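Peer 1: Just dropping this structure here.
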Amino acid sequence: MIITYDSTHTVAVTKSDDTLYMVRMFNLESYQNEFSEKVGGSENSYIKMKDIEQNSNGSKFALAFIDDGIFKIRTFEKSKVCKAGNGEEGRTEAEIKDSEFVINDKIDINHFTIPISNFPEPFITCTFINDDNLYVNLFYNYDQDHHHFIYNIPGKTISCHKKIHMDCTRLNFPYKCFWDSNQNQVYSFYRQGQSFRVPIDLETMKIDEDDIQ
Amino acid sequence: MFLINNKALVARSSGKIYFFKREKDEDTDISSWQMYNELSHKGLIFYIKGNVRIQVTTDEKIFFYMID
């Protein structure tokens with residue numbers, strides 16, 4: 001659960017069961033539920049989802065999750081989805097699909113990633129670099145590979161994809177990543193202690209591959 | 001886990017709170033996260049972005065830290 005950086009709303013990710021998670025946004029003044037949305041919900045779904053990320057002014061949000069081995073990112077803007085008294089309606093299926101990005105095909109991995117039972121960890125984390133770009137990293141535990149890339153939200157494109165093999169067990173996963181706006185770099189931390197420092201040039205929106213530590 | 005003011009990393013384990021900061025090895029020119037403080041309490045960390053203060057709440061006490 002997070003409080004938006006403009007201090008107007010709280011956003012909660014809740015689990016119904018392994019096939020269905022809910023995202024809800026509540027107004028902190030009226031306590032009204034102003035946005036609800038399902039993640040999963042079909043009998044073939046197997047969802048793992050934990051954190052919701054927001055941009056620097058709390059107007060845009062991103063959810064990174066895994067659905068039965070398929071990594072996905074879903075984004076939404078508060079001004080477009082938040083409607084007083086419309087908490088249970090949310091977006092249409094077409095709008096949701098339009099805001100969702102399926103990662104596996106783009107980075108050439110299959111659906112063999114198996115999360116840990118009873119852990120909510122989705123094996124994928126992300127953080128906003130600016131309003132339109134997300135840094136995303138995930139752990140493909142079948143081959144023990146770390147993948148990271150930059151996801152452009154309006155264009156629904158990825159760039160600077162890089163794969164790094166990790167010498168660890170399959171029970172490892174990225175726990176959290178942070179954008180350092182002073183140094184223009186991302187810090188990513190794994191469960192078993194590994195960390196990455198990924199410098200990003202904000203003008204070209206490129207990762208300096210030679211400087212990753 | 002929180003990154004406080006782009007300077008300090010505060011993380012909790014099942015029984016402790018850890019504080020890390022980045023330090024550069026002048027010989028190898030490689031930076032790494034080094035633990036500089038540890039709180040031997042099981043607790044929760046509360047931090048709001050933009051604030052220099054964090055609170056760690058435990059069963060019996062609340063610890064206030066200023067990261068500046």
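Just remember, in the structure tokens the first chain shown is A, the second B, etc., residues are 1-based per chain, and ligands are 1-based in the order shown.
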Starting from chain B, keep only residues with some atom at most 8 Å from an atom of chain A, counting only C-alpha atoms, and report them as a PDB file with N, CA and C atoms, in the first residue's frame.

Peer 2:
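Below is the file out-v5.pdb, written as the result:
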ATOM      1  N   MET B   1      12.148  -1.850   2.419  1.00  0.00           N
ATOM      2  CA  MET B   1      13.431  -1.268   2.053  1.00  0.00           C
ATOM      3  C   MET B   1      13.201   0.124   1.467  1.00  0.00           C
ATOM      4  N   LEU B   3      15.210   3.857   0.083  1.00  0.00           N
ATOM      5  CA  LEU B   3      16.375   4.673  -0.224  1.00  0.00           C
ATOM      6  C   LEU B   3      16.054   6.077   0.277  1.00  0.00           C
ATOM      7  N   ASN B   6      18.387   9.590  -1.514  1.00  0.00           N
ATOM      8  CA  ASN B   6      19.436   9.102  -2.424  1.00  0.00           C
ATOM      9  C   ASN B   6      20.767   8.868  -1.720  1.00  0.00           C
ATOM     10  N   ILE B  30      35.488   0.798  -7.500  1.00  0.00           N
ATOM     11  CA  ILE B  30      34.166   0.159  -7.467  1.00  0.00           C
ATOM     12  C   ILE B  30      33.447   0.566  -6.183  1.00  0.00           C
ATOM     13  N   SER B  31      32.193   0.975  -6.348  1.00  0.00           N
ATOM     14  CA  SER B  31      31.383   1.356  -5.185  1.00  0.00           C
ATOM     15  C   SER B  31      30.590   0.164  -4.689  1.00  0.00           C
ATOM     16  N   LYS B  49       8.664  10.161   1.275  1.00  0.00           N
ATOM     17  CA  LYS B  49       9.649  10.781   0.392  1.00  0.00           C
ATOM     18  C   LYS B  49       9.666  12.295   0.596  1.00  0.00           C
TER      19      LYS B  49
END

Peer 1: I need the residues in chain A that are helix (DSSP H, G or I) according to DSSP; give them as a JSON list (two decimals) with N, CA and C atoms, in the first residue's frame.

Peer 2:
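Output below, filename part.json:
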[["chain", "number", "residue", "atom", "x", "y", "z"],
["A", 78, "LYS", "N", -3.60, 8.69, -12.77],
["A", 78, "LYS", "CA", -4.64, 9.00, -11.78],
["A", 78, "LYS", "C", -5.74, 9.87, -12.36],
["A", 79, "SER", "N", -5.35, 10.87, -13.15],
["A", 79, "SER", "CA", -6.35, 11.81, -13.67],
["A", 79, "SER", "C", -7.33, 11.13, -14.62],
["A", 80, "LYS", "N", -6.91, 10.03, -15.23],
["A", 80, "LYS", "CA", -7.78, 9.36, -16.20],
["A", 80, "LYS", "C", -8.65, 8.27, -15.57],
["A", 81, "VAL", "N", -8.17, 7.67, -14.50],
["A", 81, "VAL", "CA", -8.93, 6.53, -13.94],
["A", 81, "VAL", "C", -9.72, 6.90, -12.69],
["A", 93, "GLU", "N", -12.17, -3.52, -20.28],
["A", 93, "GLU", "CA", -11.17, -4.54, -20.62],
["A", 93, "GLU", "C", -10.25, -4.05, -21.74],
["A", 94, "ALA", "N", -10.82, -3.32, -22.70],
["A", 94, "ALA", "CA", -10.00, -2.81, -23.81],
["A", 94, "ALA", "C", -8.99, -1.78, -23.32],
["A", 95, "GLU", "N", -9.42, -0.93, -22.41],
["A", 95, "GLU", "CA", -8.51, 0.08, -21.86],
["A", 95, "GLU", "C", -7.39, -0.57, -21.05],
["A", 96, "ILE", "N", -7.75, -1.61, -20.31],
["A", 96, "ILE", "CA", -6.74, -2.31, -19.51],
["A", 96, "ILE", "C", -5.72, -2.98, -20.43],
["A", 97, "LYS", "N", -6.23, -3.65, -21.45],
["A", 97, "LYS", "CA", -5.33, -4.35, -22.38],
["A", 97, "LYS", "C", -4.41, -3.35, -23.07],
["A", 98, "ASP", "N", -4.94, -2.19, -23.38],
["A", 98, "ASP", "CA", -4.13, -1.17, -24.05],
["A", 98, "ASP", "C", -3.01, -0.64, -23.15],
["A", 209, "GLU", "N", 26.24, 0.69, -20.53],
["A", 209, "GLU", "CA", 26.48, -0.74, -20.25],
["A", 209, "GLU", "C", 27.86, -0.99, -19.64],
["A", 210, "ASP", "N", 28.82, -0.14, -20.00],
["A", 210, "ASP", "CA", 30.18, -0.36, -19.50],
["A", 210, "ASP", "C", 30.33, 0.01, -18.04],
["A", 211, "ASP", "N", 29.36, 0.74, -17.53],
["A", 211, "ASP", "CA", 29.50, 1.25, -16.17],
["A", 211, "ASP", "C", 28.57, 0.55, -15.18]]

Peer 1: DSSP on the backbone: which residues in chain B end up as strand (DSSP E or B)? Give the answer as a PyMOL selection string.

Peer 2: chain B and resi 2-4+8-12+17-25+30-39+43-46+53-58+62-66

Peer 1: Write the selection just made, keeping N, CA and C atoms, as a compact mmCIF listing (two decimals), in the first residue's frame?

Peer 2:
# COMPACT_ATOMS: atom_id res chain seq x y z
N PHE B 2 13.98 1.08 1.96
CA PHE B 2 13.83 2.46 1.48
C PHE B 2 15.18 3.07 1.14
N LEU B 3 15.21 3.86 0.08
CA LEU B 3 16.38 4.67 -0.22
C LEU B 3 16.05 6.08 0.28
N ILE B 4 16.80 6.55 1.27
CA ILE B 4 16.48 7.82 1.91
C ILE B 4 17.34 8.93 1.30
N ALA B 8 21.08 6.95 1.84
CA ALA B 8 21.16 5.80 2.74
C ALA B 8 20.07 4.78 2.39
N LEU B 9 20.42 3.55 2.53
CA LEU B 9 19.48 2.47 2.29
C LEU B 9 19.12 1.86 3.64
N VAL B 10 17.84 1.79 3.93
CA VAL B 10 17.39 1.22 5.20
C VAL B 10 16.55 -0.01 4.90
N ALA B 11 16.94 -1.12 5.48
CA ALA B 11 16.25 -2.38 5.20
C ALA B 11 15.96 -3.11 6.50
N ARG B 12 14.93 -3.94 6.48
CA ARG B 12 14.60 -4.71 7.67
C ARG B 12 14.73 -6.19 7.37
N ILE B 17 17.15 -4.07 11.94
CA ILE B 17 17.07 -3.00 10.95
C ILE B 17 18.50 -2.65 10.56
N TYR B 18 18.76 -2.56 9.27
CA TYR B 18 20.12 -2.29 8.79
C TYR B 18 20.16 -0.96 8.03
N PHE B 19 21.26 -0.25 8.20
CA PHE B 19 21.49 1.01 7.49
C PHE B 19 22.74 0.85 6.62
N PHE B 20 22.63 1.20 5.35
CA PHE B 20 23.76 1.08 4.44
C PHE B 20 24.01 2.43 3.75
N LYS B 21 25.26 2.65 3.37
CA LYS B 21 25.58 3.77 2.48
C LYS B 21 26.61 3.32 1.47
N ARG B 22 26.66 4.05 0.36
CA ARG B 22 27.59 3.67 -0.71
C ARG B 22 28.98 4.21 -0.41
N GLU B 23 29.96 3.34 -0.56
CA GLU B 23 31.34 3.76 -0.38
C GLU B 23 32.15 3.26 -1.56
N LYS B 24 33.07 4.12 -2.00
CA LYS B 24 33.88 3.79 -3.17
C LYS B 24 35.26 3.32 -2.75
N ASP B 25 35.67 2.20 -3.28
CA ASP B 25 37.03 1.71 -3.04
C ASP B 25 37.96 2.46 -3.99
N ILE B 30 35.49 0.80 -7.50
CA ILE B 30 34.17 0.16 -7.47
C ILE B 30 33.45 0.57 -6.18
N SER B 31 32.19 0.97 -6.35
CA SER B 31 31.38 1.36 -5.18
C SER B 31 30.59 0.16 -4.69
N SER B 32 30.38 0.12 -3.42
CA SER B 32 29.54 -0.95 -2.86
C SER B 32 28.78 -0.41 -1.65
N TRP B 33 27.73 -1.11 -1.29
CA TRP B 33 26.92 -0.70 -0.15
C TRP B 33 27.52 -1.27 1.13
N GLN B 34 27.86 -0.40 2.05
CA GLN B 34 28.47 -0.84 3.30
C GLN B 34 27.52 -0.54 4.46
N MET B 35 27.37 -1.51 5.35
CA MET B 35 26.50 -1.30 6.51
C MET B 35 27.21 -0.40 7.52
N TYR B 36 26.54 0.66 7.96
CA TYR B 36 27.19 1.56 8.92
C TYR B 36 26.42 1.64 10.24
N ASN B 37 25.25 1.04 10.29
CA ASN B 37 24.50 1.06 11.55
C ASN B 37 23.53 -0.11 11.56
N GLU B 38 23.22 -0.58 12.75
CA GLU B 38 22.35 -1.74 12.89
C GLU B 38 21.50 -1.56 14.14
N LEU B 39 20.25 -1.87 14.02
CA LEU B 39 19.35 -1.76 15.17
C LEU B 39 18.83 -3.15 15.47
N GLY B 43 11.27 -4.61 13.72
CA GLY B 43 10.41 -3.45 13.59
C GLY B 43 10.00 -3.14 12.16
N LEU B 44 9.22 -2.08 12.05
CA LEU B 44 8.76 -1.61 10.75
C LEU B 44 9.31 -0.22 10.50
N ILE B 45 9.65 0.06 9.24
CA ILE B 45 10.23 1.35 8.88
C ILE B 45 9.15 2.22 8.24
N PHE B 46 9.08 3.47 8.66
CA PHE B 46 8.14 4.41 8.06
C PHE B 46 8.92 5.60 7.50
N ARG B 53 13.50 12.59 7.99
CA ARG B 53 13.36 11.73 9.17
C ARG B 53 12.69 10.41 8.79
N ILE B 54 13.10 9.36 9.48
CA ILE B 54 12.39 8.09 9.38
C ILE B 54 12.05 7.62 10.79
N GLN B 55 11.07 6.77 10.88
CA GLN B 55 10.71 6.19 12.17
C GLN B 55 10.77 4.66 12.04
N VAL B 56 11.29 4.05 13.08
CA VAL B 56 11.28 2.59 13.16
C VAL B 56 10.44 2.22 14.38
N THR B 57 9.32 1.57 14.13
CA THR B 57 8.45 1.20 15.24
C THR B 57 8.70 -0.25 15.61
N THR B 58 8.87 -0.49 16.90
CA THR B 58 9.08 -1.85 17.39
C THR B 58 8.00 -2.17 18.42
N ILE B 62 9.62 3.45 19.72
CA ILE B 62 9.70 4.04 18.38
C ILE B 62 11.06 4.74 18.29
N PHE B 63 11.83 4.41 17.28
CA PHE B 63 13.14 5.01 17.08
C PHE B 63 13.03 6.06 15.97
N PHE B 64 13.56 7.25 16.25
CA PHE B 64 13.55 8.34 15.26
C PHE B 64 14.97 8.54 14.74
N TYR B 65 15.10 8.57 13.43
CA TYR B 65 16.41 8.81 12.83
C TYR B 65 16.31 9.99 11.89
N MET B 66 17.39 10.76 11.83
CA MET B 66 17.48 11.84 10.84
C MET B 66 18.61 11.48 9.87

Peer 1: What's the separation between CA of Cys126 (chain A) and CA of Leu138 (chain A), in Å to one decimal place?

Peer 2: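 Separation of CA of Cys126 (chain A) and CA of Leu138 (chain A): 8.6 Å.
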
Peer 1: Just the residues within 12 Å of His148 (chain A), please, counting only C-alpha atoms, with nothing from its chain fewer than 6 positions along; format it as an MDAnalysis selection string.

Peer 2: chainID A and resid 103 106:107 124:127 134:140 158:165 174 177 186:188 196:198 207 209 212

Peer 1: Just C-alpha atoms for this one: save the residues we selected as a compact mmCIF listing (two decimals), in the first residue's frame.

Peer 2:
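What ended up in part_9.txt:
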# COMPACT_ATOMS: atom_id res chain seq x y z
CA ILE A 103 7.44 -8.72 -21.68
CA LYS A 106 10.17 -8.91 -26.33
CA ILE A 107 13.17 -10.25 -24.41
CA ILE A 124 10.07 -8.42 -11.37
CA THR A 125 10.47 -4.87 -10.07
CA CYS A 126 10.40 -1.47 -11.70
CA THR A 127 10.93 2.18 -10.90
CA LEU A 134 10.40 2.93 -16.43
CA TYR A 135 13.47 0.96 -15.50
CA VAL A 136 12.40 -2.69 -15.29
CA ASN A 137 14.37 -5.69 -14.07
CA LEU A 138 13.34 -9.29 -13.68
CA PHE A 139 14.83 -12.65 -12.78
CA TYR A 140 14.25 -15.50 -15.20
CA ILE A 158 11.64 -1.35 -24.67
CA SER A 159 15.27 -0.34 -25.14
CA CYS A 160 18.69 -1.13 -23.71
CA HIS A 161 17.75 -4.71 -22.87
CA LYS A 162 20.60 -6.56 -21.19
CA LYS A 163 20.85 -10.10 -19.82
CA ILE A 164 23.30 -10.96 -17.03
CA HIS A 165 23.73 -14.51 -15.80
CA PRO A 174 14.84 -8.78 -7.34
CA CYS A 177 14.88 -1.03 -7.17
CA VAL A 186 19.18 2.90 -10.61
CA TYR A 187 20.03 0.69 -7.66
CA SER A 188 18.55 -2.77 -7.78
CA PHE A 196 23.22 -3.63 -9.51
CA ARG A 197 24.00 0.00 -10.13
CA VAL A 198 22.71 0.99 -13.55
CA ILE A 207 22.02 2.69 -20.19
CA GLU A 209 26.48 -0.74 -20.25
CA ILE A 212 27.07 -1.29 -14.68

Peer 1: If we count only C-alpha atoms and set the cut-off at 6 Å, which residues sit around Lys16 (chain B), ignoring sequence neighbours fewer than 6 positions away in its own chain? Please answer as a count of residues only.

Peer 2: 4

Peer 1: Under the rule that only C-alpha atoms are counted, which of A:Thr8, A:Asn172, A:Asp145, A:Gly193 is the nearest residue to Asn57 (chain A)?

Peer 2: A:Thr8

Peer 1: Would you pick out the contacts of region 18-25 of chain A at 10 Å or less, using only C-alpha atoms, so that residues sharing its chain but fewer than 4 positions from it are not included, and give the list as JSON, numbers by chain?

Peer 2: {"A": [1, 2, 3, 4, 9, 10, 11, 12, 13, 14, 31, 32, 33, 34, 35, 36, 37, 38, 39, 40, 41, 42, 43, 44, 45, 46, 47, 48, 49, 50, 52, 63, 67, 68, 78, 81, 82, 87, 88, 90, 117, 118, 120]}
